[in-house]
Amino acid sequence: MELEFLKSLLVIFGISVVVVLILNRIKVPSLVGFLIAGVIVGPYGVGLVKDTHLVEILAEIGVILLLFTIGIEFSLKRLLGMKKAVLGGGGIQVLLTILLSAAVAYYVTDNINQSIFIGFLVALSSTAMILKLLADSGETDSPHGRMMVGILIFQMRIFYK
C-alpha cells in the first residue's frame, strides 16, 4: 500500500511540475496546469493513478495547507473591521450564486430539487480556487483580496458549521 501511495505521489508531482512549467512559459496560471495534470494522470485520462482515494487525501491536505498559508498572512483585526461589507457582500454573493445557478440547472434538468442542490454546490465550490489564485498573484493582502478572503470565510462559516 505504501509503495503504491509513493508511486502515485511521484507521478502526480512529476506530471504536475512538467505541465505547470510548460504552461507558465505561455503565461497560463498554475491552477490550470494542475487541473490539466489531474486530467492526464487520473482514471479518465491516461490512468497512471487509479486509486482516487489517495488523491482525495492529498487534496484535503493541500486545501488545509492552503488555508493555513492564507491564515498566516491574514489579520483577524482587519477582517473584523470589514464585518459589514463581508456579511453584506458575502450574503448577497451566496444568494445570487445559488439563485442563478439553480435557475440555469433547472433550465437544463427540469428538476427543482437537483437545481437547488447544484446552486448550493456552485456557491461553495470556489473557495480553494479563489484562495489559490489570490496567493499566486500575491493579492491576498490587497484590499480586494482581504475582502474576498473575508467573504470566503463567511461562506465557509455558513455552510460548514
# chains A, B, ... in the order shown; residues from 1 in each chain; ligands from 1

call {"tool": "select_by_dssp", "arguments": {"residues": "range 17-121 of chain A", "states": "helix (DSSP H, G or I)", "output": "PDB file with N, CA and C atoms, in the first residue's frame"}}
result
ATOM      1  N   VAL A  17       4.546  19.144 -12.211  1.00  0.00           N
ATOM      2  CA  VAL A  17       5.670  20.067 -12.403  1.00  0.00           C
ATOM      3  C   VAL A  17       5.898  20.327 -13.885  1.00  0.00           C
ATOM      4  N   VAL A  18       5.908  19.281 -14.682  1.00  0.00           N
ATOM      5  CA  VAL A  18       6.146  19.437 -16.118  1.00  0.00           C
ATOM      6  C   VAL A  18       5.048  20.290 -16.756  1.00  0.00           C
ATOM      7  N   VAL A  19       3.791  19.972 -16.485  1.00  0.00           N
ATOM      8  CA  VAL A  19       2.671  20.703 -17.091  1.00  0.00           C
ATOM      9  C   VAL A  19       2.664  22.162 -16.634  1.00  0.00           C
ATOM     10  N   VAL A  20       2.850  22.399 -15.341  1.00  0.00           N
ATOM     11  CA  VAL A  20       2.828  23.774 -14.820  1.00  0.00           C
ATOM     12  C   VAL A  20       3.978  24.589 -15.406  1.00  0.00           C
ATOM     13  N   LEU A  21       5.170  24.012 -15.500  1.00  0.00           N
ATOM     14  CA  LEU A  21       6.305  24.743 -16.084  1.00  0.00           C
ATOM     15  C   LEU A  21       6.052  25.101 -17.547  1.00  0.00           C
ATOM     16  N   ILE A  22       5.504  24.169 -18.300  1.00  0.00           N
ATOM     17  CA  ILE A  22       5.201  24.438 -19.708  1.00  0.00           C
ATOM     18  C   ILE A  22       4.167  25.557 -19.823  1.00  0.00           C
ATOM     19  N   LEU A  23       3.106  25.478 -19.029  1.00  0.00           N
ATOM     20  CA  LEU A  23       2.048  26.487 -19.123  1.00  0.00           C
ATOM     21  C   LEU A  23       2.489  27.841 -18.574  1.00  0.00           C
ATOM     22  N   ASN A  24       3.391  27.849 -17.588  1.00  0.00           N
ATOM     23  CA  ASN A  24       3.903  29.124 -17.070  1.00  0.00           C
ATOM     24  C   ASN A  24       4.674  29.888 -18.137  1.00  0.00           C
ATOM     25  N   ARG A  25       5.327  29.166 -19.034  1.00  0.00           N
ATOM     26  CA  ARG A  25       6.069  29.820 -20.119  1.00  0.00           C
ATOM     27  C   ARG A  25       5.139  30.593 -21.054  1.00  0.00           C
ATOM     28  N   SER A  30      -0.950  28.587 -12.815  1.00  0.00           N
ATOM     29  CA  SER A  30      -0.602  27.236 -12.362  1.00  0.00           C
ATOM     30  C   SER A  30      -1.841  26.417 -12.023  1.00  0.00           C
ATOM     31  N   LEU A  31      -2.909  27.078 -11.607  1.00  0.00           N
ATOM     32  CA  LEU A  31      -4.149  26.373 -11.289  1.00  0.00           C
ATOM     33  C   LEU A  31      -4.640  25.566 -12.491  1.00  0.00           C
ATOM     34  N   VAL A  32      -4.567  26.160 -13.673  1.00  0.00           N
ATOM     35  CA  VAL A  32      -4.972  25.468 -14.901  1.00  0.00           C
ATOM     36  C   VAL A  32      -4.040  24.285 -15.163  1.00  0.00           C
ATOM     37  N   GLY A  33      -2.753  24.480 -14.912  1.00  0.00           N
ATOM     38  CA  GLY A  33      -1.791  23.399 -15.087  1.00  0.00           C
ATOM     39  C   GLY A  33      -2.080  22.212 -14.190  1.00  0.00           C
ATOM     40  N   PHE A  34      -2.436  22.488 -12.934  1.00  0.00           N
ATOM     41  CA  PHE A  34      -2.754  21.399 -12.014  1.00  0.00           C
ATOM     42  C   PHE A  34      -4.023  20.662 -12.447  1.00  0.00           C
ATOM     43  N   LEU A  35      -5.005  21.408 -12.956  1.00  0.00           N
ATOM     44  CA  LEU A  35      -6.224  20.763 -13.455  1.00  0.00           C
ATOM     45  C   LEU A  35      -5.911  19.848 -14.642  1.00  0.00           C
ATOM     46  N   ILE A  36      -5.097  20.351 -15.558  1.00  0.00           N
ATOM     47  CA  ILE A  36      -4.729  19.549 -16.728  1.00  0.00           C
ATOM     48  C   ILE A  36      -3.931  18.316 -16.304  1.00  0.00           C
ATOM     49  N   ALA A  37      -3.006  18.489 -15.367  1.00  0.00           N
ATOM     50  CA  ALA A  37      -2.219  17.350 -14.874  1.00  0.00           C
ATOM     51  C   ALA A  37      -3.133  16.303 -14.247  1.00  0.00           C
ATOM     52  N   GLY A  38      -4.143  16.748 -13.507  1.00  0.00           N
ATOM     53  CA  GLY A  38      -5.094  15.814 -12.907  1.00  0.00           C
ATOM     54  C   GLY A  38      -5.863  15.027 -13.948  1.00  0.00           C
ATOM     55  N   VAL A  39      -6.256  15.705 -15.011  1.00  0.00           N
ATOM     56  CA  VAL A  39      -6.965  15.015 -16.097  1.00  0.00           C
ATOM     57  C   VAL A  39      -6.047  13.984 -16.752  1.00  0.00           C
ATOM     58  N   ILE A  40      -4.793  14.358 -16.939  1.00  0.00           N
ATOM     59  CA  ILE A  40      -3.844  13.447 -17.595  1.00  0.00           C
ATOM     60  C   ILE A  40      -3.620  12.187 -16.766  1.00  0.00           C
ATOM     61  N   VAL A  41      -3.318  12.340 -15.470  1.00  0.00           N
ATOM     62  CA  VAL A  41      -2.928  11.172 -14.665  1.00  0.00           C
ATOM     63  C   VAL A  41      -4.108  10.400 -14.099  1.00  0.00           C
ATOM     64  N   THR A  52      -8.178   6.751  -6.572  1.00  0.00           N
ATOM     65  CA  THR A  52      -8.532   8.154  -6.357  1.00  0.00           C
ATOM     66  C   THR A  52      -8.683   8.486  -4.879  1.00  0.00           C
ATOM     67  N   HIS A  53      -8.838   7.485  -4.027  1.00  0.00           N
ATOM     68  CA  HIS A  53      -8.925   7.751  -2.588  1.00  0.00           C
ATOM     69  C   HIS A  53      -7.632   8.395  -2.085  1.00  0.00           C
ATOM     70  N   LEU A  54      -6.498   7.916  -2.574  1.00  0.00           N
ATOM     71  CA  LEU A  54      -5.218   8.514  -2.199  1.00  0.00           C
ATOM     72  C   LEU A  54      -5.143   9.969  -2.640  1.00  0.00           C
ATOM     73  N   VAL A  55      -5.627  10.237  -3.826  1.00  0.00           N
ATOM     74  CA  VAL A  55      -5.607  11.599  -4.349  1.00  0.00           C
ATOM     75  C   VAL A  55      -6.535  12.494  -3.526  1.00  0.00           C
ATOM     76  N   GLU A  56      -7.678  11.975  -3.115  1.00  0.00           N
ATOM     77  CA  GLU A  56      -8.596  12.757  -2.287  1.00  0.00           C
ATOM     78  C   GLU A  56      -7.949  13.136  -0.960  1.00  0.00           C
ATOM     79  N   ILE A  57      -7.199  12.217  -0.373  1.00  0.00           N
ATOM     80  CA  ILE A  57      -6.491  12.519   0.878  1.00  0.00           C
ATOM     81  C   ILE A  57      -5.471  13.630   0.639  1.00  0.00           C
ATOM     82  N   LEU A  58      -4.717  13.518  -0.451  1.00  0.00           N
ATOM     83  CA  LEU A  58      -3.741  14.555  -0.781  1.00  0.00           C
ATOM     84  C   LEU A  58      -4.421  15.898  -1.034  1.00  0.00           C
ATOM     85  N   ALA A  59      -5.572  15.875  -1.696  1.00  0.00           N
ATOM     86  CA  ALA A  59      -6.301  17.113  -1.974  1.00  0.00           C
ATOM     87  C   ALA A  59      -6.743  17.785  -0.679  1.00  0.00           C
ATOM     88  N   GLU A  60      -7.234  17.004   0.261  1.00  0.00           N
ATOM     89  CA  GLU A  60      -7.647  17.577   1.543  1.00  0.00           C
ATOM     90  C   GLU A  60      -6.460  18.188   2.274  1.00  0.00           C
ATOM     91  N   ILE A  61      -5.332  17.500   2.247  1.00  0.00           N
ATOM     92  CA  ILE A  61      -4.127  18.044   2.879  1.00  0.00           C
ATOM     93  C   ILE A  61      -3.715  19.339   2.185  1.00  0.00           C
ATOM     94  N   GLY A  62      -3.800  19.361   0.863  1.00  0.00           N
ATOM     95  CA  GLY A  62      -3.451  20.560   0.105  1.00  0.00           C
ATOM     96  C   GLY A  62      -4.335  21.744   0.447  1.00  0.00           C
ATOM     97  N   VAL A  63      -5.637  21.519   0.546  1.00  0.00           N
ATOM     98  CA  VAL A  63      -6.558  22.606   0.897  1.00  0.00           C
ATOM     99  C   VAL A  63      -6.274  23.099   2.311  1.00  0.00           C
ATOM    100  N   ILE A  64      -5.999  22.174   3.222  1.00  0.00           N
ATOM    101  CA  ILE A  64      -5.678  22.565   4.599  1.00  0.00           C
ATOM    102  C   ILE A  64      -4.427  23.432   4.627  1.00  0.00           C
ATOM    103  N   LEU A  65      -3.392  23.021   3.895  1.00  0.00           N
ATOM    104  CA  LEU A  65      -2.161  23.808   3.860  1.00  0.00           C
ATOM    105  C   LEU A  65      -2.379  25.167   3.207  1.00  0.00           C
ATOM    106  N   LEU A  66      -3.202  25.218   2.160  1.00  0.00           N
ATOM    107  CA  LEU A  66      -3.511  26.489   1.511  1.00  0.00           C
ATOM    108  C   LEU A  66      -4.232  27.421   2.473  1.00  0.00           C
ATOM    109  N   LEU A  67      -5.239  26.907   3.172  1.00  0.00           N
ATOM    110  CA  LEU A  67      -5.959  27.727   4.143  1.00  0.00           C
ATOM    111  C   LEU A  67      -5.034  28.177   5.268  1.00  0.00           C
ATOM    112  N   PHE A  68      -4.141  27.303   5.700  1.00  0.00           N
ATOM    113  CA  PHE A  68      -3.182  27.654   6.744  1.00  0.00           C
ATOM    114  C   PHE A  68      -2.285  28.800   6.278  1.00  0.00           C
ATOM    115  N   THR A  69      -1.801  28.705   5.044  1.00  0.00           N
ATOM    116  CA  THR A  69      -0.943  29.749   4.489  1.00  0.00           C
ATOM    117  C   THR A  69      -1.677  31.083   4.411  1.00  0.00           C
ATOM    118  N   ILE A  70      -2.918  31.062   3.956  1.00  0.00           N
ATOM    119  CA  ILE A  70      -3.717  32.289   3.900  1.00  0.00           C
ATOM    120  C   ILE A  70      -3.922  32.828   5.311  1.00  0.00           C
ATOM    121  N   GLY A  71      -4.180  31.941   6.267  1.00  0.00           N
ATOM    122  CA  GLY A  71      -4.383  32.357   7.650  1.00  0.00           C
ATOM    123  C   GLY A  71      -3.168  33.043   8.239  1.00  0.00           C
ATOM    124  N   ILE A  72      -1.986  32.584   7.880  1.00  0.00           N
ATOM    125  CA  ILE A  72      -0.754  33.207   8.368  1.00  0.00           C
ATOM    126  C   ILE A  72      -0.659  34.651   7.886  1.00  0.00           C
ATOM    127  N   GLU A  73      -1.091  34.899   6.662  1.00  0.00           N
ATOM    128  CA  GLU A  73      -0.970  36.222   6.061  1.00  0.00           C
ATOM    129  C   GLU A  73      -2.151  37.134   6.374  1.00  0.00           C
ATOM    130  N   LEU A  76      -6.956  39.038  11.620  1.00  0.00           N
ATOM    131  CA  LEU A  76      -8.310  38.939  12.157  1.00  0.00           C
ATOM    132  C   LEU A  76      -8.867  40.327  12.470  1.00  0.00           C
ATOM    133  N   LYS A  77      -8.001  41.221  12.905  1.00  0.00           N
ATOM    134  CA  LYS A  77      -8.420  42.594  13.213  1.00  0.00           C
ATOM    135  C   LYS A  77      -8.980  43.285  11.963  1.00  0.00           C
ATOM    136  N   ARG A  78      -8.287  43.096  10.832  1.00  0.00           N
ATOM    137  CA  ARG A  78      -8.782  43.693   9.575  1.00  0.00           C
ATOM    138  C   ARG A  78     -10.103  43.067   9.144  1.00  0.00           C
ATOM    139  N   LEU A  79     -10.220  41.755   9.331  1.00  0.00           N
ATOM    140  CA  LEU A  79     -11.457  41.064   8.967  1.00  0.00           C
ATOM    141  C   LEU A  79     -12.625  41.602   9.778  1.00  0.00           C
ATOM    142  N   LEU A  80     -12.425  41.779  11.069  1.00  0.00           N
ATOM    143  CA  LEU A  80     -13.492  42.322  11.915  1.00  0.00           C
ATOM    144  C   LEU A  80     -13.831  43.756  11.530  1.00  0.00           C
ATOM    145  N   GLY A  81     -12.849  44.501  11.038  1.00  0.00           N
ATOM    146  CA  GLY A  81     -13.096  45.861  10.571  1.00  0.00           C
ATOM    147  C   GLY A  81     -13.941  45.905   9.307  1.00  0.00           C
ATOM    148  N   LYS A  83     -16.475  43.823   8.768  1.00  0.00           N
ATOM    149  CA  LYS A  83     -17.600  42.941   9.090  1.00  0.00           C
ATOM    150  C   LYS A  83     -18.851  43.245   8.273  1.00  0.00           C
ATOM    151  N   LYS A  84     -19.243  44.512   8.198  1.00  0.00           N
ATOM    152  CA  LYS A  84     -20.467  44.859   7.461  1.00  0.00           C
ATOM    153  C   LYS A  84     -20.348  44.507   5.983  1.00  0.00           C
ATOM    154  N   ALA A  85     -19.239  44.874   5.386  1.00  0.00           N
ATOM    155  CA  ALA A  85     -19.054  44.601   3.959  1.00  0.00           C
ATOM    156  C   ALA A  85     -18.985  43.101   3.694  1.00  0.00           C
ATOM    157  N   VAL A  86     -18.302  42.368   4.575  1.00  0.00           N
ATOM    158  CA  VAL A  86     -18.174  40.920   4.393  1.00  0.00           C
ATOM    159  C   VAL A  86     -19.526  40.241   4.550  1.00  0.00           C
ATOM    160  N   LEU A  87     -20.253  40.590   5.603  1.00  0.00           N
ATOM    161  CA  LEU A  87     -21.565  39.971   5.825  1.00  0.00           C
ATOM    162  C   LEU A  87     -22.540  40.331   4.711  1.00  0.00           C
ATOM    163  N   GLY A  88     -22.583  41.609   4.346  1.00  0.00           N
ATOM    164  CA  GLY A  88     -23.491  42.034   3.277  1.00  0.00           C
ATOM    165  C   GLY A  88     -23.086  41.466   1.933  1.00  0.00           C
ATOM    166  N   GLY A  89     -21.817  41.661   1.567  1.00  0.00           N
ATOM    167  CA  GLY A  89     -21.325  41.168   0.282  1.00  0.00           C
ATOM    168  C   GLY A  89     -21.355  39.658   0.202  1.00  0.00           C
ATOM    169  N   GLY A  90     -20.971  39.002   1.292  1.00  0.00           N
ATOM    170  CA  GLY A  90     -20.981  37.537   1.312  1.00  0.00           C
ATOM    171  C   GLY A  90     -22.377  36.976   1.185  1.00  0.00           C
ATOM    172  N   GLY A  91     -23.305  37.561   1.928  1.00  0.00           N
ATOM    173  CA  GLY A  91     -24.694  37.096   1.865  1.00  0.00           C
ATOM    174  C   GLY A  91     -25.305  37.283   0.491  1.00  0.00           C
ATOM    175  N   ILE A  92     -25.079  38.460  -0.081  1.00  0.00           N
ATOM    176  CA  ILE A  92     -25.616  38.744  -1.416  1.00  0.00           C
ATOM    177  C   ILE A  92     -24.978  37.819  -2.456  1.00  0.00           C
ATOM    178  N   GLN A  93     -23.660  37.642  -2.365  1.00  0.00           N
ATOM    179  CA  GLN A  93     -22.962  36.792  -3.333  1.00  0.00           C
ATOM    180  C   GLN A  93     -23.457  35.356  -3.265  1.00  0.00           C
ATOM    181  N   VAL A  94     -23.597  34.822  -2.055  1.00  0.00           N
ATOM    182  CA  VAL A  94     -24.071  33.444  -1.898  1.00  0.00           C
ATOM    183  C   VAL A  94     -25.489  33.313  -2.447  1.00  0.00           C
ATOM    184  N   LEU A  95     -26.360  34.228  -2.075  1.00  0.00           N
ATOM    185  CA  LEU A  95     -27.753  34.173  -2.514  1.00  0.00           C
ATOM    186  C   LEU A  95     -27.867  34.265  -4.036  1.00  0.00           C
ATOM    187  N   LEU A  96     -27.172  35.235  -4.640  1.00  0.00           N
ATOM    188  CA  LEU A  96     -27.241  35.391  -6.094  1.00  0.00           C
ATOM    189  C   LEU A  96     -26.648  34.183  -6.828  1.00  0.00           C
ATOM    190  N   THR A  97     -25.545  33.661  -6.312  1.00  0.00           N
ATOM    191  CA  THR A  97     -24.932  32.490  -6.951  1.00  0.00           C
ATOM    192  C   THR A  97     -25.864  31.290  -6.891  1.00  0.00           C
ATOM    193  N   ILE A  98     -26.483  31.077  -5.742  1.00  0.00           N
ATOM    194  CA  ILE A  98     -27.421  29.960  -5.604  1.00  0.00           C
ATOM    195  C   ILE A  98     -28.597  30.136  -6.557  1.00  0.00           C
ATOM    196  N   LEU A  99     -29.181  31.336  -6.583  1.00  0.00           N
ATOM    197  CA  LEU A  99     -30.353  31.577  -7.429  1.00  0.00           C
ATOM    198  C   LEU A  99     -30.030  31.429  -8.916  1.00  0.00           C
ATOM    199  N   LEU A 100     -28.939  32.058  -9.356  1.00  0.00           N
ATOM    200  CA  LEU A 100     -28.590  31.981 -10.779  1.00  0.00           C
ATOM    201  C   LEU A 100     -28.207  30.559 -11.194  1.00  0.00           C
ATOM    202  N   SER A 101     -27.411  29.897 -10.366  1.00  0.00           N
ATOM    203  CA  SER A 101     -27.009  28.522 -10.688  1.00  0.00           C
ATOM    204  C   SER A 101     -28.205  27.583 -10.689  1.00  0.00           C
ATOM    205  N   ALA A 102     -29.094  27.758  -9.723  1.00  0.00           N
ATOM    206  CA  ALA A 102     -30.286  26.916  -9.659  1.00  0.00           C
ATOM    207  C   ALA A 102     -31.186  27.161 -10.871  1.00  0.00           C
ATOM    208  N   ALA A 103     -31.284  28.417 -11.300  1.00  0.00           N
ATOM    209  CA  ALA A 103     -32.112  28.726 -12.471  1.00  0.00           C
ATOM    210  C   ALA A 103     -31.557  28.056 -13.727  1.00  0.00           C
ATOM    211  N   VAL A 104     -30.246  28.153 -13.914  1.00  0.00           N
ATOM    212  CA  VAL A 104     -29.620  27.509 -15.074  1.00  0.00           C
ATOM    213  C   VAL A 104     -29.781  25.991 -14.984  1.00  0.00           C
ATOM    214  N   ALA A 105     -29.553  25.439 -13.799  1.00  0.00           N
ATOM    215  CA  ALA A 105     -29.687  23.987 -13.615  1.00  0.00           C
ATOM    216  C   ALA A 105     -31.125  23.535 -13.848  1.00  0.00           C
ATOM    217  N   TYR A 106     -32.095  24.331 -13.418  1.00  0.00           N
ATOM    218  CA  TYR A 106     -33.499  23.973 -13.625  1.00  0.00           C
ATOM    219  C   TYR A 106     -33.840  23.979 -15.112  1.00  0.00           C
ATOM    220  N   TYR A 107     -33.278  24.931 -15.832  1.00  0.00           N
ATOM    221  CA  TYR A 107     -33.496  25.000 -17.275  1.00  0.00           C
ATOM    222  C   TYR A 107     -32.973  23.728 -17.951  1.00  0.00           C
ATOM    223  N   VAL A 108     -31.850  23.208 -17.440  1.00  0.00           N
ATOM    224  CA  VAL A 108     -31.225  22.020 -18.029  1.00  0.00           C
ATOM    225  C   VAL A 108     -31.885  20.732 -17.545  1.00  0.00           C
ATOM    226  N   THR A 109     -32.154  20.624 -16.221  1.00  0.00           N
ATOM    227  CA  THR A 109     -32.613  19.350 -15.653  1.00  0.00           C
ATOM    228  C   THR A 109     -34.123  19.252 -15.486  1.00  0.00           C
ATOM    229  N   ILE A 112     -36.470  20.644  -9.681  1.00  0.00           N
ATOM    230  CA  ILE A 112     -36.224  21.731  -8.732  1.00  0.00           C
ATOM    231  C   ILE A 112     -35.267  21.317  -7.616  1.00  0.00           C
ATOM    232  N   ASN A 113     -35.397  20.093  -7.104  1.00  0.00           N
ATOM    233  CA  ASN A 113     -34.510  19.651  -6.017  1.00  0.00           C
ATOM    234  C   ASN A 113     -33.057  19.579  -6.473  1.00  0.00           C
ATOM    235  N   GLN A 114     -32.832  18.985  -7.628  1.00  0.00           N
ATOM    236  CA  GLN A 114     -31.472  18.925  -8.170  1.00  0.00           C
ATOM    237  C   GLN A 114     -30.940  20.325  -8.446  1.00  0.00           C
ATOM    238  N   SER A 115     -31.792  21.188  -8.938  1.00  0.00           N
ATOM    239  CA  SER A 115     -31.377  22.545  -9.276  1.00  0.00           C
ATOM    240  C   SER A 115     -30.910  23.311  -8.046  1.00  0.00           C
ATOM    241  N   ILE A 116     -31.652  23.206  -6.965  1.00  0.00           N
ATOM    242  CA  ILE A 116     -31.262  23.893  -5.727  1.00  0.00           C
ATOM    243  C   ILE A 116     -29.953  23.314  -5.199  1.00  0.00           C
ATOM    244  N   PHE A 117     -29.832  22.001  -5.230  1.00  0.00           N
ATOM    245  CA  PHE A 117     -28.601  21.352  -4.782  1.00  0.00           C
ATOM    246  C   PHE A 117     -27.404  21.835  -5.597  1.00  0.00           C
ATOM    247  N   ILE A 118     -27.555  21.891  -6.905  1.00  0.00           N
ATOM    248  CA  ILE A 118     -26.484  22.371  -7.782  1.00  0.00           C
ATOM    249  C   ILE A 118     -26.164  23.828  -7.474  1.00  0.00           C
ATOM    250  N   GLY A 119     -27.187  24.631  -7.200  1.00  0.00           N
ATOM    251  CA  GLY A 119     -26.965  26.024  -6.825  1.00  0.00           C
ATOM    252  C   GLY A 119     -26.075  26.155  -5.600  1.00  0.00           C
ATOM    253  N   PHE A 120     -26.338  25.341  -4.582  1.00  0.00           N
ATOM    254  CA  PHE A 120     -25.504  25.360  -3.377  1.00  0.00           C
ATOM    255  C   PHE A 120     -24.084  24.888  -3.682  1.00  0.00           C
ATOM    256  N   LEU A 121     -23.952  23.858  -4.502  1.00  0.00           N
ATOM    257  CA  LEU A 121     -22.618  23.357  -4.851  1.00  0.00           C
ATOM    258  C   LEU A 121     -21.786  24.426  -5.547  1.00  0.00           C
TER     259      LEU A 121
END

call {"tool": "residues_around", "arguments": {"residues": "Met147 in chain A", "least_positions_apart": "2", "cutoff": "8 Å", "atoms": "only C-alpha atoms", "output": "PDB file with N, CA and C atoms, in the first residue's frame"}}
result
ATOM      1  N   LEU A  79     -10.220  41.755   9.331  1.00  0.00           N
ATOM      2  CA  LEU A  79     -11.457  41.064   8.967  1.00  0.00           C
ATOM      3  C   LEU A  79     -12.625  41.602   9.778  1.00  0.00           C
ATOM      4  N   MET A  82     -13.970  44.827   8.571  1.00  0.00           N
ATOM      5  CA  MET A  82     -14.753  44.760   7.329  1.00  0.00           C
ATOM      6  C   MET A  82     -16.047  43.982   7.528  1.00  0.00           C
ATOM      7  N   ALA A  85     -19.239  44.874   5.386  1.00  0.00           N
ATOM      8  CA  ALA A  85     -19.054  44.601   3.959  1.00  0.00           C
ATOM      9  C   ALA A  85     -18.985  43.101   3.694  1.00  0.00           C
ATOM     10  N   VAL A  86     -18.302  42.368   4.575  1.00  0.00           N
ATOM     11  CA  VAL A  86     -18.174  40.920   4.393  1.00  0.00           C
ATOM     12  C   VAL A  86     -19.526  40.241   4.550  1.00  0.00           C
ATOM     13  N   PRO A 143      -6.576  45.223  -0.674  1.00  0.00           N
ATOM     14  CA  PRO A 143      -7.937  45.487  -0.164  1.00  0.00           C
ATOM     15  C   PRO A 143      -8.988  44.533  -0.744  1.00  0.00           C
ATOM     16  N   HIS A 144      -8.962  44.319  -2.054  1.00  0.00           N
ATOM     17  CA  HIS A 144      -9.960  43.410  -2.637  1.00  0.00           C
ATOM     18  C   HIS A 144      -9.664  41.959  -2.262  1.00  0.00           C
ATOM     19  N   GLY A 145      -8.393  41.613  -2.095  1.00  0.00           N
ATOM     20  CA  GLY A 145      -8.044  40.258  -1.667  1.00  0.00           C
ATOM     21  C   GLY A 145      -8.534  39.972  -0.260  1.00  0.00           C
ATOM     22  N   VAL A 149     -11.254  37.143   0.756  1.00  0.00           N
ATOM     23  CA  VAL A 149     -10.976  36.135   1.784  1.00  0.00           C
ATOM     24  C   VAL A 149     -12.027  36.217   2.883  1.00  0.00           C
ATOM     25  N   GLY A 150     -12.412  37.429   3.260  1.00  0.00           N
ATOM     26  CA  GLY A 150     -13.459  37.598   4.270  1.00  0.00           C
ATOM     27  C   GLY A 150     -14.779  36.984   3.834  1.00  0.00           C
ATOM     28  N   ILE A 151     -15.149  37.210   2.591  1.00  0.00           N
ATOM     29  CA  ILE A 151     -16.395  36.639   2.069  1.00  0.00           C
ATOM     30  C   ILE A 151     -16.301  35.114   2.024  1.00  0.00           C
TER      31      ILE A 151
END

call {"tool": "residues_around", "arguments": {"residues": "Lys7 in chain A", "least_positions_apart": "6", "cutoff": "12 Å", "atoms": "only C-alpha atoms", "output": "VMD selection string"}}
result
chain A and resid 1 13 to 14 48 to 51 54 to 55

call {"tool": "write_last_selection", "arguments": {"atoms": "C-alpha atoms", "output": "compact mmCIF listing (two decimals), in the first residue's frame"}}
result
# COMPACT_ATOMS: atom_id res chain seq x y z
CA MET A 1 0.00 0.00 0.00
CA PHE A 13 4.13 15.66 -8.66
CA GLY A 14 6.21 14.78 -11.71
CA LEU A 48 -1.45 6.49 -14.23
CA VAL A 49 -3.14 6.98 -10.85
CA LYS A 50 -6.00 4.57 -10.33
CA ASP A 51 -6.67 4.86 -6.58
CA LEU A 54 -5.22 8.51 -2.20
CA VAL A 55 -5.61 11.60 -4.35

call {"tool": "atom_distance", "arguments": {"atom1": "CA of Leu10 in chain A", "atom2": "CA of Gly42 in chain A"}}
result
13.5 Å

call {"tool": "atom_distance", "arguments": {"atom1": "CA of Ala128 in chain A", "atom2": "CA of Leu9 in chain A"}}
result
20.5 Å

call {"tool": "atom_distance", "arguments": {"atom1": "CA of Asp136 in chain A", "atom2": "CA of Val11 in chain A"}}
result
23.2 Å

call {"tool": "residues_around", "arguments": {"residues": "Thr127 in chain A", "least_positions_apart": "5", "cutoff": "9 Å", "atoms": "only C-alpha atoms", "output": "PyMOL selection string"}}
result
chain A and resi 132+149+152-153+155-156

call {"tool": "write_last_selection", "arguments": {"atoms": "C-alpha atoms", "output": "PDB file, in the first residue's frame"}}
result
ATOM      1  CA  LYS A 132      -5.037  29.746  -4.797  1.00  0.00           C
ATOM      2  CA  VAL A 149     -10.976  36.135   1.784  1.00  0.00           C
ATOM      3  CA  LEU A 152     -14.979  33.131   1.611  1.00  0.00           C
ATOM      4  CA  ILE A 153     -14.595  32.769   5.380  1.00  0.00           C
ATOM      5  CA  GLN A 155     -19.325  31.294   3.228  1.00  0.00           C
ATOM      6  CA  MET A 156     -17.394  28.551   4.977  1.00  0.00           C
TER       7      MET A 156
END

call {"tool": "decode", "arguments": {"residues": "range 23-33 of chain A", "atoms": "N, CA and C atoms", "output": "short mmCIF file (atom, residue, chain, number, x, y, z; two decimals), in the first residue's frame"}}
result
data_model
loop_
_atom_site.label_atom_id
_atom_site.label_comp_id
_atom_site.auth_asym_id
_atom_site.auth_seq_id
_atom_site.Cartn_x
_atom_site.Cartn_y
_atom_site.Cartn_z
N LEU A 23 3.11 25.48 -19.03
CA LEU A 23 2.05 26.49 -19.12
C LEU A 23 2.49 27.84 -18.57
N ASN A 24 3.39 27.85 -17.59
CA ASN A 24 3.90 29.12 -17.07
C ASN A 24 4.67 29.89 -18.14
N ARG A 25 5.33 29.17 -19.03
CA ARG A 25 6.07 29.82 -20.12
C ARG A 25 5.14 30.59 -21.05
N ILE A 26 3.90 30.14 -21.17
CA ILE A 26 2.95 30.85 -22.03
C ILE A 26 1.93 31.64 -21.19
N LYS A 27 2.32 31.92 -19.93
CA LYS A 27 1.55 32.79 -19.02
C LYS A 27 0.18 32.25 -18.64
N VAL A 28 0.06 30.92 -18.53
CA VAL A 28 -1.19 30.30 -18.07
C VAL A 28 -1.03 30.03 -16.58
N PRO A 29 -2.03 30.40 -15.76
CA PRO A 29 -1.92 30.22 -14.30
C PRO A 29 -1.67 28.76 -13.91
N SER A 30 -0.95 28.59 -12.81
CA SER A 30 -0.60 27.24 -12.36
C SER A 30 -1.84 26.42 -12.02
N LEU A 31 -2.91 27.08 -11.61
CA LEU A 31 -4.15 26.37 -11.29
C LEU A 31 -4.64 25.57 -12.49
N VAL A 32 -4.57 26.16 -13.67
CA VAL A 32 -4.97 25.47 -14.90
C VAL A 32 -4.04 24.29 -15.16
N GLY A 33 -2.75 24.48 -14.91
CA GLY A 33 -1.79 23.40 -15.09
C GLY A 33 -2.08 22.21 -14.19
#
